[in-house]
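S.K.: Starting off with a structure, shown below.
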Amino acid sequence: MRACIGIRQSLQQEIGAYHGLVCLGTMTMHHLSGRWSGFQPPEFLHFVVQWKIHQILGKNGAAFRGTRRVELMKNEMEHNVLSYSKNGPRDLWPSVSNYILQVSSSGDPKSPVAFLYFLDSGGGTYPQIISSAQAKWFQQKSQEVNPDSRVPEIIFWHIPSKSYGKVAPKYGIQKPCVGSINMESVATQEAEMGIMELLVKRPSVKAIFVGHNHGLDWCCPYKKLWLCFARHTGYGGYGDWPRGARIIEITEQPFSLKSWIRMEDGLVHSEVVLSS
């Protein structure tokens with residue numbers, strides 16, 4: 001299992017987002033659930049079994065024992081009754097999981113508080129990019145659902161864009177960046193094909209969240225938005241850094257977007273306000 005993000009609007013409205021590989025061949029879900037029995041802070045109560053889980057396919061998430069990513073998505077949507085995962089437009093293939101989730105007001109389900117955009121950044125046997133076709137799709141869909149950029153927008157994909165390499169702390173983590181581990185170089189996408197230019201120009205975009213690098217958990221400002229890593233959460237993949245998860249908190253009135261890291265032992269650190 002790779003990095004995990006928990007998004008909460010209130011104690012009653014919560015969602016989990018997996019960034020990348022969820023289960024390795026050497027780690028069954030039963031085994032993982034046992035490992036996670038002690039990882040149950042208030043934000044992640046009964047996380048593995050009961051939560052609404054979103055699957056973002058990324059590096060090595062393209063296949064599991066030879067299973068194609070399309071089949072993985074099909075299985076996720078058919079058998080995980082709490083999942084919000086969706087297949088994106090077929091004309092974006094081999095990119096699969098491109099879609100939008102609306103976070104609604106607690107007082108009015110039709111009134112959006114934020115839009116969450118999920119983009120497939122490739123990996124495995126597929127190019128590690130957000131393609132120009134995906135960038136065009138984002139531009140069209142964002143204009144459709146949020147034409148005046150009035151509603152805040154939050155972006156998720158797995159493999160960091162090249163912009164992450166530009167803002168990465170060189171030694172330790174110094175302000176204005178916030179985080180606790182900076183133990184490897186950023187492994188970025190293969191090319192930049194337009195998505196970052198669109199996001200930077202769009203005033204409603206507040207932050208981008210990625211996984212991929214297990215030895216990084218920082219957030220750094222980039223122009224007018226924030227670039228954040230999640231935190232290596234599970235017991236698969238490389239590295240033996242202490243496990244944790246990135247929490248995102250959305251407050252409706254007045255709007256605010258905060259984030260922090262919650263460790264497996266309950267320690268909370270690296271809080272940052274992303275909406276200022």
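All residue names refer to the structure tokens as shown: chains lettered A, B, ... in order, residues numbered from 1 in each chain, ligands numbered from 1 in order.
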Excluding stretch 153-164 of chain A and residues on its chain fewer than 5 positions from it, collect all residues at most 8 Å away from it, counting only C-alpha atoms, and give them as a compact mmCIF listing (two decimals) with C-alpha atoms, in the first residue's frame.

M.R.:
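Produced file result_9.txt, reproduced below:
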```txt
# COMPACT_ATOMS: atom_id res chain seq x y z
CA HIS A 19 -2.36 7.33 -4.21
CA GLY A 20 -0.98 4.46 -6.28
CA ILE A 56 -6.04 6.49 -8.00
CA LEU A 57 -4.00 4.27 -10.28
CA GLY A 58 -0.36 5.26 -10.52
CA LYS A 59 3.11 3.76 -10.64
CA ALA A 114 -15.27 22.25 -3.46
CA PHE A 115 -14.55 20.21 -6.57
CA LEU A 116 -12.02 17.35 -6.40
CA TYR A 117 -10.36 16.44 -9.71
CA PHE A 118 -8.69 13.04 -10.10
CA LEU A 119 -6.29 12.49 -13.00
CA ASP A 120 -4.48 9.31 -14.07
CA SER A 121 -0.75 10.10 -14.32
CA GLY A 122 0.18 6.76 -15.88
CA GLY A 123 2.98 4.52 -14.71
CA GLN A 128 4.22 8.68 -16.82
CA ILE A 129 2.46 11.85 -17.91
CA VAL A 186 11.50 13.91 -6.62
CA ALA A 187 10.75 11.29 -9.29
CA THR A 188 8.73 13.40 -11.71
CA GLN A 189 6.60 12.67 -14.74
CA ALA A 191 7.15 15.49 -19.56
CA GLU A 192 4.99 18.53 -18.89
CA MET A 196 0.37 22.84 -14.85
CA SER A 204 -9.91 28.46 -7.93
CA VAL A 205 -7.18 25.77 -7.79
CA LYS A 206 -5.76 25.68 -4.27
CA ALA A 207 -3.49 22.62 -4.13
CA ILE A 208 -2.25 19.49 -5.90
CA PHE A 209 -1.67 16.23 -4.01
CA VAL A 210 0.53 13.37 -5.23
CA GLY A 211 2.12 10.15 -3.95
CA HIS A 212 4.84 8.09 -5.71
CA TYR A 222 4.36 27.10 -6.24
CA LEU A 227 2.21 21.30 -4.22
```

S.K.: Check stretch 137-254 of chain A with DSSP on the backbone and list each residue it calls strand (DSSP E or B), as number ranges by chain.

M.R.: A: 153-156, 178, 182, 205-210, 216, 219-222, 225-229, 231-232, 244-251

S.K.: Output the selection as a compact mmCIF listing (two decimals), in the first residue's frame - N, CA, C and O atoms for each residue.

M.R.:
```
# COMPACT_ATOMS: atom_id res chain seq x y z
N GLU A 153 -11.06 24.44 -5.93
CA GLU A 153 -10.78 23.17 -6.60
C GLU A 153 -9.49 22.57 -6.05
O GLU A 153 -8.51 23.29 -5.79
N ILE A 154 -9.49 21.25 -5.89
CA ILE A 154 -8.34 20.51 -5.35
C ILE A 154 -8.03 19.38 -6.33
O ILE A 154 -8.94 18.70 -6.81
N ILE A 155 -6.75 19.17 -6.62
CA ILE A 155 -6.32 18.27 -7.68
C ILE A 155 -5.55 17.09 -7.09
O ILE A 155 -4.70 17.28 -6.21
N PHE A 156 -5.81 15.89 -7.62
CA PHE A 156 -5.11 14.69 -7.18
C PHE A 156 -4.61 13.90 -8.39
O PHE A 156 -5.36 13.66 -9.33
N VAL A 178 6.50 23.01 4.29
CA VAL A 178 6.11 22.40 5.56
C VAL A 178 6.12 20.88 5.38
O VAL A 178 5.58 20.37 4.40
N ASN A 182 12.33 14.53 3.91
CA ASN A 182 12.79 14.94 2.58
C ASN A 182 14.00 14.07 2.25
O ASN A 182 15.12 14.54 2.16
N VAL A 205 -8.00 26.93 -8.17
CA VAL A 205 -7.18 25.77 -7.79
C VAL A 205 -6.32 26.13 -6.59
O VAL A 205 -5.53 27.08 -6.64
N LYS A 206 -6.47 25.38 -5.52
CA LYS A 206 -5.76 25.68 -4.27
C LYS A 206 -4.53 24.80 -4.06
O LYS A 206 -3.53 25.26 -3.51
N ALA A 207 -4.60 23.53 -4.44
CA ALA A 207 -3.49 22.62 -4.13
C ALA A 207 -3.56 21.39 -5.02
O ALA A 207 -4.62 21.01 -5.52
N ILE A 208 -2.38 20.77 -5.21
CA ILE A 208 -2.25 19.49 -5.90
C ILE A 208 -1.64 18.50 -4.92
O ILE A 208 -0.69 18.84 -4.19
N PHE A 209 -2.17 17.27 -4.90
CA PHE A 209 -1.67 16.23 -4.01
C PHE A 209 -1.22 15.03 -4.83
O PHE A 209 -1.96 14.56 -5.70
N VAL A 210 -0.02 14.52 -4.52
CA VAL A 210 0.53 13.37 -5.23
C VAL A 210 1.07 12.35 -4.23
O VAL A 210 1.14 12.61 -3.03
N LEU A 216 9.13 11.32 0.88
CA LEU A 216 8.78 12.74 0.88
C LEU A 216 7.37 12.92 1.43
O LEU A 216 6.48 12.14 1.13
N CYS A 219 4.81 19.87 1.77
CA CYS A 219 4.01 20.79 0.95
C CYS A 219 4.85 22.04 0.71
O CYS A 219 5.45 22.57 1.65
N CYS A 220 4.90 22.51 -0.53
CA CYS A 220 5.63 23.73 -0.86
C CYS A 220 4.77 24.61 -1.76
O CYS A 220 4.05 24.11 -2.63
N PRO A 221 4.83 25.94 -1.57
CA PRO A 221 4.09 26.82 -2.46
C PRO A 221 4.74 26.88 -3.84
O PRO A 221 5.96 26.83 -3.97
N TYR A 222 3.89 26.96 -4.86
CA TYR A 222 4.36 27.10 -6.24
C TYR A 222 3.47 28.12 -6.91
O TYR A 222 2.29 27.88 -7.15
N LEU A 225 -0.41 28.46 -5.90
CA LEU A 225 -1.02 27.27 -5.31
C LEU A 225 0.03 26.47 -4.54
O LEU A 225 1.18 26.87 -4.44
N TRP A 226 -0.41 25.35 -3.94
CA TRP A 226 0.48 24.51 -3.15
C TRP A 226 0.66 23.16 -3.83
O TRP A 226 -0.28 22.61 -4.40
N LEU A 227 1.88 22.64 -3.74
CA LEU A 227 2.21 21.30 -4.22
C LEU A 227 2.53 20.43 -3.01
O LEU A 227 3.44 20.75 -2.24
N CYS A 228 1.78 19.35 -2.83
CA CYS A 228 1.92 18.51 -1.63
C CYS A 228 2.12 17.05 -1.98
O CYS A 228 1.54 16.54 -2.95
N PHE A 229 2.92 16.37 -1.17
CA PHE A 229 3.00 14.92 -1.18
C PHE A 229 2.09 14.37 -0.09
O PHE A 229 1.85 15.02 0.92
N ARG A 231 1.66 10.82 2.43
CA ARG A 231 2.62 10.16 3.31
C ARG A 231 2.52 8.66 3.08
O ARG A 231 1.42 8.10 2.97
N HIS A 232 3.67 7.98 2.99
CA HIS A 232 3.67 6.53 2.82
C HIS A 232 2.90 5.89 3.97
O HIS A 232 3.26 6.06 5.14
N GLY A 244 2.24 6.90 7.96
CA GLY A 244 1.29 7.94 8.32
C GLY A 244 0.32 8.18 7.17
O GLY A 244 0.31 7.45 6.18
N ALA A 245 -0.48 9.20 7.29
CA ALA A 245 -1.42 9.57 6.23
C ALA A 245 -1.61 11.08 6.25
O ALA A 245 -1.54 11.71 7.30
N ARG A 246 -1.82 11.65 5.07
CA ARG A 246 -2.09 13.08 5.00
C ARG A 246 -3.59 13.31 5.14
O ARG A 246 -4.40 12.67 4.46
N ILE A 247 -3.95 14.21 6.03
CA ILE A 247 -5.35 14.58 6.25
C ILE A 247 -5.59 15.95 5.62
O ILE A 247 -4.76 16.86 5.74
N ILE A 248 -6.72 16.10 4.95
CA ILE A 248 -7.14 17.38 4.40
C ILE A 248 -8.47 17.74 5.05
O ILE A 248 -9.39 16.93 5.06
N GLU A 249 -8.57 18.95 5.57
CA GLU A 249 -9.82 19.40 6.19
C GLU A 249 -10.37 20.60 5.43
O GLU A 249 -9.68 21.60 5.23
N ILE A 250 -11.62 20.47 5.00
CA ILE A 250 -12.32 21.54 4.29
C ILE A 250 -13.37 22.13 5.22
O ILE A 250 -14.23 21.41 5.73
N THR A 251 -13.29 23.43 5.45
CA THR A 251 -14.31 24.14 6.23
C THR A 251 -15.13 24.98 5.28
O THR A 251 -14.58 25.69 4.43
```

S.K.: Using Å and a single decimal, report how far atom CA of A:Arg69 sits from atom CA of A:Val96.

M.R.: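 Taking atom CA of A:Val96 and atom CA of A:Arg69, their separation equals 7.6 Å.
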
S.K.: Skipping near chain neighbours, those fewer than 3 positions away, what residues fall within 10 Å of stretch 84-88 of chain A using only C-alpha atoms, listed as a PyMOL selection string?

M.R.: chain A and resi 15-17+52-56+70+73-74+76-78+80-81+91-93+95-101+118-120+134+137

S.K.: Would you export the selected residues with N, CA and C atoms as a short mmCIF file (atom, residue, chain, number, x, y, z; two decimals), in the first residue's frame, please?

M.R.:
```
data_model
loop_
_atom_site.label_atom_id
_atom_site.label_comp_id
_atom_site.auth_asym_id
_atom_site.auth_seq_id
_atom_site.Cartn_x
_atom_site.Cartn_y
_atom_site.Cartn_z
N ILE A 15 -13.78 11.05 3.38
CA ILE A 15 -13.45 10.18 2.25
C ILE A 15 -11.96 9.89 2.29
N GLY A 16 -11.57 8.70 1.87
CA GLY A 16 -10.17 8.34 1.80
C GLY A 16 -9.72 8.25 0.36
N ALA A 17 -8.48 8.63 0.08
CA ALA A 17 -7.94 8.55 -1.28
C ALA A 17 -6.61 7.83 -1.25
N LYS A 52 -15.32 5.19 2.61
CA LYS A 52 -15.53 5.44 1.19
C LYS A 52 -14.15 5.63 0.57
N ILE A 53 -13.78 4.72 -0.29
CA ILE A 53 -12.41 4.69 -0.78
C ILE A 53 -12.36 5.05 -2.25
N HIS A 54 -11.43 5.93 -2.59
CA HIS A 54 -11.18 6.28 -3.98
C HIS A 54 -9.85 5.70 -4.41
N GLN A 55 -9.82 5.09 -5.56
CA GLN A 55 -8.60 4.46 -6.07
C GLN A 55 -7.99 5.33 -7.16
N ILE A 56 -6.77 5.79 -6.95
CA ILE A 56 -6.04 6.49 -8.00
C ILE A 56 -4.95 5.56 -8.49
N VAL A 70 -7.84 -1.39 -16.50
CA VAL A 70 -9.27 -1.30 -16.77
C VAL A 70 -10.03 -2.32 -15.94
N MET A 73 -10.15 -1.24 -12.28
CA MET A 73 -11.18 -0.24 -12.06
C MET A 73 -12.57 -0.87 -12.05
N LYS A 74 -12.80 -1.79 -12.97
CA LYS A 74 -14.10 -2.47 -13.04
C LYS A 74 -14.39 -3.22 -11.74
N GLU A 76 -13.08 -2.59 -8.80
CA GLU A 76 -13.26 -1.60 -7.73
C GLU A 76 -14.68 -1.06 -7.71
N MET A 77 -15.20 -0.72 -8.87
CA MET A 77 -16.52 -0.09 -8.94
C MET A 77 -17.65 -1.09 -8.70
N GLU A 78 -17.44 -2.35 -9.09
CA GLU A 78 -18.50 -3.35 -8.94
C GLU A 78 -18.57 -3.94 -7.54
N ASN A 80 -16.72 -2.74 -4.55
CA ASN A 80 -16.55 -1.86 -3.40
C ASN A 80 -17.74 -0.90 -3.36
N VAL A 81 -18.74 -1.22 -2.56
CA VAL A 81 -20.00 -0.48 -2.59
C VAL A 81 -19.84 0.95 -2.07
N ASP A 91 -11.84 8.31 -24.76
CA ASP A 91 -10.89 8.93 -25.67
C ASP A 91 -9.63 9.43 -24.96
N LEU A 92 -9.57 9.27 -23.64
CA LEU A 92 -8.36 9.61 -22.89
C LEU A 92 -7.49 8.37 -22.62
N TRP A 93 -7.96 7.19 -23.01
CA TRP A 93 -7.19 5.97 -22.79
C TRP A 93 -5.84 6.06 -23.50
N SER A 95 -5.06 6.41 -20.34
CA SER A 95 -5.39 7.04 -19.06
C SER A 95 -6.83 6.67 -18.70
N VAL A 96 -7.05 6.15 -17.49
CA VAL A 96 -8.34 5.56 -17.15
C VAL A 96 -9.14 6.41 -16.15
N SER A 97 -8.56 6.66 -14.97
CA SER A 97 -9.35 7.21 -13.86
C SER A 97 -9.29 8.74 -13.83
N ASN A 98 -9.99 9.38 -14.76
CA ASN A 98 -10.08 10.84 -14.82
C ASN A 98 -11.52 11.24 -14.54
N TYR A 99 -11.78 11.90 -13.43
CA TYR A 99 -13.14 12.28 -13.10
C TYR A 99 -13.17 13.34 -12.01
N ILE A 100 -14.37 13.82 -11.70
CA ILE A 100 -14.57 14.90 -10.74
C ILE A 100 -15.53 14.44 -9.66
N LEU A 101 -15.25 14.81 -8.41
CA LEU A 101 -16.19 14.62 -7.31
C LEU A 101 -16.56 15.99 -6.74
N PHE A 118 -9.60 14.17 -10.15
CA PHE A 118 -8.69 13.04 -10.10
C PHE A 118 -8.21 12.73 -11.52
N LEU A 119 -6.89 12.71 -11.69
CA LEU A 119 -6.29 12.49 -13.00
C LEU A 119 -5.33 11.30 -12.94
N ASP A 120 -5.34 10.49 -13.97
CA ASP A 120 -4.48 9.31 -14.07
C ASP A 120 -3.14 9.75 -14.66
N GLN A 134 -5.62 15.04 -21.60
CA GLN A 134 -6.15 15.17 -20.24
C GLN A 134 -6.23 16.64 -19.83
N TRP A 137 -9.21 18.03 -21.42
CA TRP A 137 -10.40 17.53 -20.71
C TRP A 137 -10.62 18.32 -19.43
#
```

S.K.: Go ahead and compute the interatomic distance for atom CA of A:Met263 and atom CA of A:Arg243, in Å to one decimal.

M.R.: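 Those two atoms sit 6.0 Å apart.
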
S.K.: Of the residues A:Gly237, A:Asn75, A:Gln253, A:Met193, which is the one nearest to A:Ala135, using only C-alpha atoms?

M.R.: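 Using only C-alpha atoms, the shortest distance to A:Ala135 belongs to A:Met193.
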